Amino acid sequence: MIKRLSEVKMQLDERREKGVVRGNSVGWDWNRFPYTVKLGTTTFIAAAPASGKTEWWLEILINLSCLYGWNHVLYTPETGDAVDIFSELCHKFVGKPFIKGENSMTEIERTKAEYFVDSHFYVIDPIDEEVTIESFFAMVDEVEKKYETTIQTTTIDPWNELTERYEKEDLGREDKYLSRILGLVRKNARKTNRHNCVLNHVRDQAAVTKDGITYYPAPSARDFAGGQVWFRKGLSVLIPWRPPVGLQGSDGRPYEENELHLRIAKAKPKGTSKVGVYRFFLDVTRYQYYVKDEMTDAMIYANRGAGNVVKTDPTNVVQIQLNNFNGFKQSDFDETDSFIVDQTKGNYKPDPHCGF
């Protein structure tokens with residue numbers, strides 16, 4: 001569509017006054033991790049297997065739900081079936097294992113986590129069913145209609161789980177196919193005002209040896225499986241890398257076992273993020289990431305706003321519409337828990353500490 005400046009004059013005036021509008025924070029201060037998620041755009045993430053790219057992105061989605069109430073559709077068959085995915089999300093939300101055992105979440109924490117995840121996450125869980133990029137976005141549209149909700153983000157993880165369907169214009173070439181399909185991912189984000197995220201693997205790399213430690217080096221933005229068309233078509237391009245334990249970094253400190261380097265390789269639209277490499281660490285007990293303060297080494301977790309801590313304070317109340325979620329019964333809640341039943345109104349009010 002052709003436009004003249006006069007046709008977007010109001011938006012141009014707003015840009016002059018307000019400057020570039022960033023996306024939504026993912027929980028860390030800009031000075032610690034300058035990456036935001038902007039609706040109508042895309043994020044492409046690539047890393048080697050077992051690099052932590054999926055669990056890192058799932059935490060970002062939880063943070064966005066806590067902070068802004070965003071809803072998400074996930075297609076991540078490598079993570080497992082719907083039960084696997086929901087239990088992992090509950091773990092990351094509460095910061096305690098979902099499966100019963102030592103230090104696992106309490107029944108009250110479990111109930112809060114299940115309600116939170118049920119309110120914000122939808123999992124596409126096909127059984128022996130081919131999923132193309134077109135059918136995936138059609139299913140996202142169907143989620144909005146069926147559940148009368150608005151979806152803010154979609155996630156495809158990993159890309160190679162989608163069924164490829166080459167068209168005549170692709171000439172049988174993967175680069176032309178990817179250029180067309182990744183362009184469709186970007187167009188869909190803009191059309192629907194969603195943020196579409198695609199996770200991919202990196203191509204085979206040659207191992208290197210340094211100080212007696214053999215490892216695979218950090219991938220570059222052109223190492224996406226399928227070629228550098230990903231870098232050309234991507235808006236935000238992220239590359240997680242787990243450095244080899246024991247090897248010293250440029251600052252002279254040995255890499256830690258739970259360390260993750262997150263490279264922002266491309267940041268568009270302008271101002272939404274800042275290119276660079278940022279260090280994260282996985283709290284393996286809480287299953288949540290944190291960054292370290294440069295001066296004190298203090299652990300800084302994402303700020304989830306009202307959802308920072310899942311509390312069990314009996315003075316707090318949580319909104320539960322029992323008719324909308326059959327998994328909860330009135331007998332699940334009483335004054336000894338962090339839920340207080342309002343018998344007169346037949347519903348429950350939101351706990352400000354749970355991010356609901």
# chains A, B, ... in the order shown; residues from 1 in each chain; ligands from 1
$ residues_around --residues "Pro243 (chain A)" --least-positions-apart "4" --cutoff "9 Å" --atoms "only C-alpha atoms" --output "list in words"
Tyr215, Tyr216, Pro217, Ala218, Leu247, Gly249, Tyr255, Glu256, Glu257, Glu259, Leu260 and His261 of chain A
$ write_last_selection --atoms "C-alpha atoms" --output "compact mmCIF listing (two decimals), in the first residue's frame"
# COMPACT_ATOMS: atom_id res chain seq x y z
CA TYR A 215 33.52 -27.14 23.21
CA TYR A 216 31.37 -25.61 20.52
CA PRO A 217 31.85 -21.85 20.15
CA ALA A 218 29.05 -19.33 20.42
CA LEU A 247 36.96 -21.98 30.69
CA GLY A 249 35.89 -15.55 29.95
CA TYR A 255 32.35 -19.84 33.34
CA GLU A 256 29.85 -21.37 35.74
CA GLU A 257 27.78 -24.52 35.24
CA GLU A 259 25.62 -19.74 33.05
CA LEU A 260 23.84 -18.68 29.86
CA HIS A 261 25.00 -15.98 27.47
$ select_by_dssp --residues "region 34-278 of chain A" --states "alpha helix (DSSP H)" --output "MDAnalysis selection string"
chainID A and resid 53:68 82:94 107:120 133:147 174:192 229:233
$ closest_residue --among "A:Phe98, A:Tyr147, A:Phe86, A:Tyr278" --to "Val117 (chain A)" --atoms "only C-alpha atoms"
A:Phe86
$ atom_distance --atom1 "CA of Thr150 (chain A)" --atom2 "CA of His195 (chain A)"
12.1 Å
$ residues_around --residues "Cys90 (chain A)" --least-positions-apart "4" --cutoff "10 Å" --atoms "only C-alpha atoms" --output "ChimeraX atom specification"
/A:62,85-86,94-98,105,109-118
$ atom_distance --atom1 "CA of Asn24 (chain A)" --atom2 "CA of Pro240 (chain A)"
20.3 Å
$ residues_around --residues "Ile264 (chain A)" --least-positions-apart "4" --cutoff "6 Å" --atoms "only C-alpha atoms" --output "list in words"
Leu238, Val275 and Gly276 of chain A
$ write_last_selection --atoms "N, CA and C atoms" --output "tab-separated table (two decimals), in the first residue's frame"
chain	number	residue	atom	x	y	z
A	238	LEU	N	17.84	-13.41	18.65
A	238	LEU	CA	18.51	-13.76	19.89
A	238	LEU	C	19.24	-15.10	19.74
A	275	VAL	N	21.72	-4.26	20.85
A	275	VAL	CA	22.62	-5.35	20.48
A	275	VAL	C	23.72	-5.50	21.52
A	276	GLY	N	24.03	-6.75	21.88
A	276	GLY	CA	25.08	-7.02	22.85
A	276	GLY	C	24.93	-8.42	23.41
$ atom_distance --atom1 "CA of Asn196 (chain A)" --atom2 "CA of Tyr75 (chain A)"
11.5 Å
$ closest_residue --among "A:Ile156, A:Val229, A:Leu39, A:Val198" --to "Lys176 (chain A)" --atoms "only C-alpha atoms"
A:Val229
$ select_by_dssp --residues "region 42-261 of chain A" --states "strand (DSSP E or B)" --output "compact mmCIF listing (two decimals) with C-alpha atoms, in the first residue's frame"
# COMPACT_ATOMS: atom_id res chain seq x y z
CA THR A 42 8.84 -10.94 15.70
CA THR A 43 11.66 -12.60 17.64
CA PHE A 44 13.78 -15.36 16.12
CA ILE A 45 15.87 -17.44 18.54
CA ALA A 46 18.51 -20.00 17.56
CA ALA A 47 20.86 -22.14 19.61
CA HIS A 72 0.13 -17.04 24.61
CA VAL A 73 -0.25 -19.93 22.17
CA LEU A 74 2.56 -22.49 22.23
CA TYR A 75 3.52 -25.14 19.71
CA PHE A 121 -1.44 -20.31 28.06
CA TYR A 122 -2.87 -22.40 25.24
CA VAL A 123 -0.94 -25.41 23.90
CA THR A 153 2.22 -13.93 21.51
CA THR A 154 2.71 -17.13 19.54
CA THR A 155 5.64 -19.53 19.82
CA ILE A 156 6.85 -22.16 17.37
CA HIS A 195 4.40 -10.97 18.71
CA ASN A 196 5.40 -14.12 16.82
CA CYS A 197 8.43 -16.01 18.13
CA VAL A 198 10.18 -18.82 16.27
CA LEU A 199 12.88 -20.99 17.84
CA ASN A 200 15.36 -22.77 15.62
CA HIS A 201 18.52 -24.86 15.86
CA VAL A 202 21.91 -23.77 14.59
CA VAL A 208 37.37 -26.13 19.23
CA THR A 209 39.79 -26.88 22.07
CA LYS A 210 41.19 -24.28 24.46
CA ILE A 213 38.57 -27.98 27.16
CA THR A 214 36.76 -28.96 23.96
CA TYR A 215 33.52 -27.14 23.21
CA PHE A 224 20.79 -20.50 11.91
CA SER A 236 14.73 -9.24 17.06
CA VAL A 237 17.30 -12.02 16.71
CA LEU A 238 18.51 -13.76 19.89
CA ILE A 239 21.20 -16.42 20.29
CA PRO A 240 21.57 -18.22 23.64
CA TRP A 241 24.87 -20.02 24.31
CA GLN A 248 37.82 -18.38 31.51
CA PRO A 254 35.74 -19.08 34.82
CA GLU A 259 25.62 -19.74 33.05
CA LEU A 260 23.84 -18.68 29.86
CA HIS A 261 25.00 -15.98 27.47
$ decode --residues "region 156-174 of chain A" --atoms "N, CA and C atoms" --output "PDB file, in the first residue's frame"
ATOM      1  N   ILE A 156       6.591 -20.926  18.110  1.00  0.00           N
ATOM      2  CA  ILE A 156       6.850 -22.162  17.367  1.00  0.00           C
ATOM      3  C   ILE A 156       8.220 -22.658  17.795  1.00  0.00           C
ATOM      4  N   ASP A 157       8.273 -23.872  18.349  1.00  0.00           N
ATOM      5  CA  ASP A 157       9.514 -24.357  18.937  1.00  0.00           C
ATOM      6  C   ASP A 157       9.602 -25.880  18.808  1.00  0.00           C
ATOM      7  N   PRO A 158      10.522 -26.375  17.953  1.00  0.00           N
ATOM      8  CA  PRO A 158      11.388 -25.636  17.052  1.00  0.00           C
ATOM      9  C   PRO A 158      10.770 -25.548  15.657  1.00  0.00           C
ATOM     10  N   TRP A 159      11.423 -24.793  14.808  1.00  0.00           N
ATOM     11  CA  TRP A 159      10.925 -24.533  13.464  1.00  0.00           C
ATOM     12  C   TRP A 159      10.785 -25.822  12.649  1.00  0.00           C
ATOM     13  N   ASN A 160      11.722 -26.759  12.820  1.00  0.00           N
ATOM     14  CA  ASN A 160      11.708 -27.956  11.979  1.00  0.00           C
ATOM     15  C   ASN A 160      10.569 -28.908  12.313  1.00  0.00           C
ATOM     16  N   GLU A 161       9.760 -28.606  13.350  1.00  0.00           N
ATOM     17  CA  GLU A 161       8.582 -29.414  13.634  1.00  0.00           C
ATOM     18  C   GLU A 161       7.422 -29.066  12.699  1.00  0.00           C
ATOM     19  N   LEU A 162       7.522 -27.942  12.002  1.00  0.00           N
ATOM     20  CA  LEU A 162       6.485 -27.587  11.034  1.00  0.00           C
ATOM     21  C   LEU A 162       6.683 -28.379   9.747  1.00  0.00           C
ATOM     22  N   THR A 163       5.586 -28.691   9.087  1.00  0.00           N
ATOM     23  CA  THR A 163       5.630 -29.371   7.794  1.00  0.00           C
ATOM     24  C   THR A 163       5.913 -28.351   6.701  1.00  0.00           C
ATOM     25  N   GLU A 164       6.922 -28.632   5.871  1.00  0.00           N
ATOM     26  CA  GLU A 164       7.268 -27.727   4.773  1.00  0.00           C
ATOM     27  C   GLU A 164       6.411 -28.042   3.550  1.00  0.00           C
ATOM     28  N   ARG A 165       5.909 -27.011   2.939  1.00  0.00           N
ATOM     29  CA  ARG A 165       5.149 -27.166   1.692  1.00  0.00           C
ATOM     30  C   ARG A 165       5.664 -26.134   0.692  1.00  0.00           C
ATOM     31  N   TYR A 166       6.502 -26.627  -0.204  1.00  0.00           N
ATOM     32  CA  TYR A 166       7.098 -25.752  -1.198  1.00  0.00           C
ATOM     33  C   TYR A 166       6.072 -25.393  -2.278  1.00  0.00           C
ATOM     34  N   GLU A 167       6.144 -24.165  -2.720  1.00  0.00           N
ATOM     35  CA  GLU A 167       5.301 -23.719  -3.823  1.00  0.00           C
ATOM     36  C   GLU A 167       6.163 -23.486  -5.060  1.00  0.00           C
ATOM     37  N   LYS A 168       5.515 -23.286  -6.176  1.00  0.00           N
ATOM     38  CA  LYS A 168       6.229 -23.148  -7.447  1.00  0.00           C
ATOM     39  C   LYS A 168       7.252 -22.028  -7.395  1.00  0.00           C
ATOM     40  N   GLU A 169       6.891 -20.942  -6.719  1.00  0.00           N
ATOM     41  CA  GLU A 169       7.776 -19.775  -6.667  1.00  0.00           C
ATOM     42  C   GLU A 169       9.041 -20.045  -5.854  1.00  0.00           C
ATOM     43  N   ASP A 170       9.042 -21.118  -5.034  1.00  0.00           N
ATOM     44  CA  ASP A 170      10.227 -21.443  -4.242  1.00  0.00           C
ATOM     45  C   ASP A 170      11.315 -22.111  -5.073  1.00  0.00           C
ATOM     46  N   LEU A 171      10.961 -22.595  -6.237  1.00  0.00           N
ATOM     47  CA  LEU A 171      11.912 -23.231  -7.150  1.00  0.00           C
ATOM     48  C   LEU A 171      12.643 -24.402  -6.500  1.00  0.00           C
ATOM     49  N   GLY A 172      12.000 -25.013  -5.494  1.00  0.00           N
ATOM     50  CA  GLY A 172      12.613 -26.142  -4.816  1.00  0.00           C
ATOM     51  C   GLY A 172      13.796 -25.776  -3.944  1.00  0.00           C
ATOM     52  N   ARG A 173      13.999 -24.497  -3.685  1.00  0.00           N
ATOM     53  CA  ARG A 173      15.155 -24.039  -2.916  1.00  0.00           C
ATOM     54  C   ARG A 173      14.735 -23.639  -1.497  1.00  0.00           C
ATOM     55  N   GLU A 174      15.506 -24.119  -0.507  1.00  0.00           N
ATOM     56  CA  GLU A 174      15.183 -23.832   0.886  1.00  0.00           C
ATOM     57  C   GLU A 174      15.272 -22.351   1.205  1.00  0.00           C
TER      58      GLU A 174
END
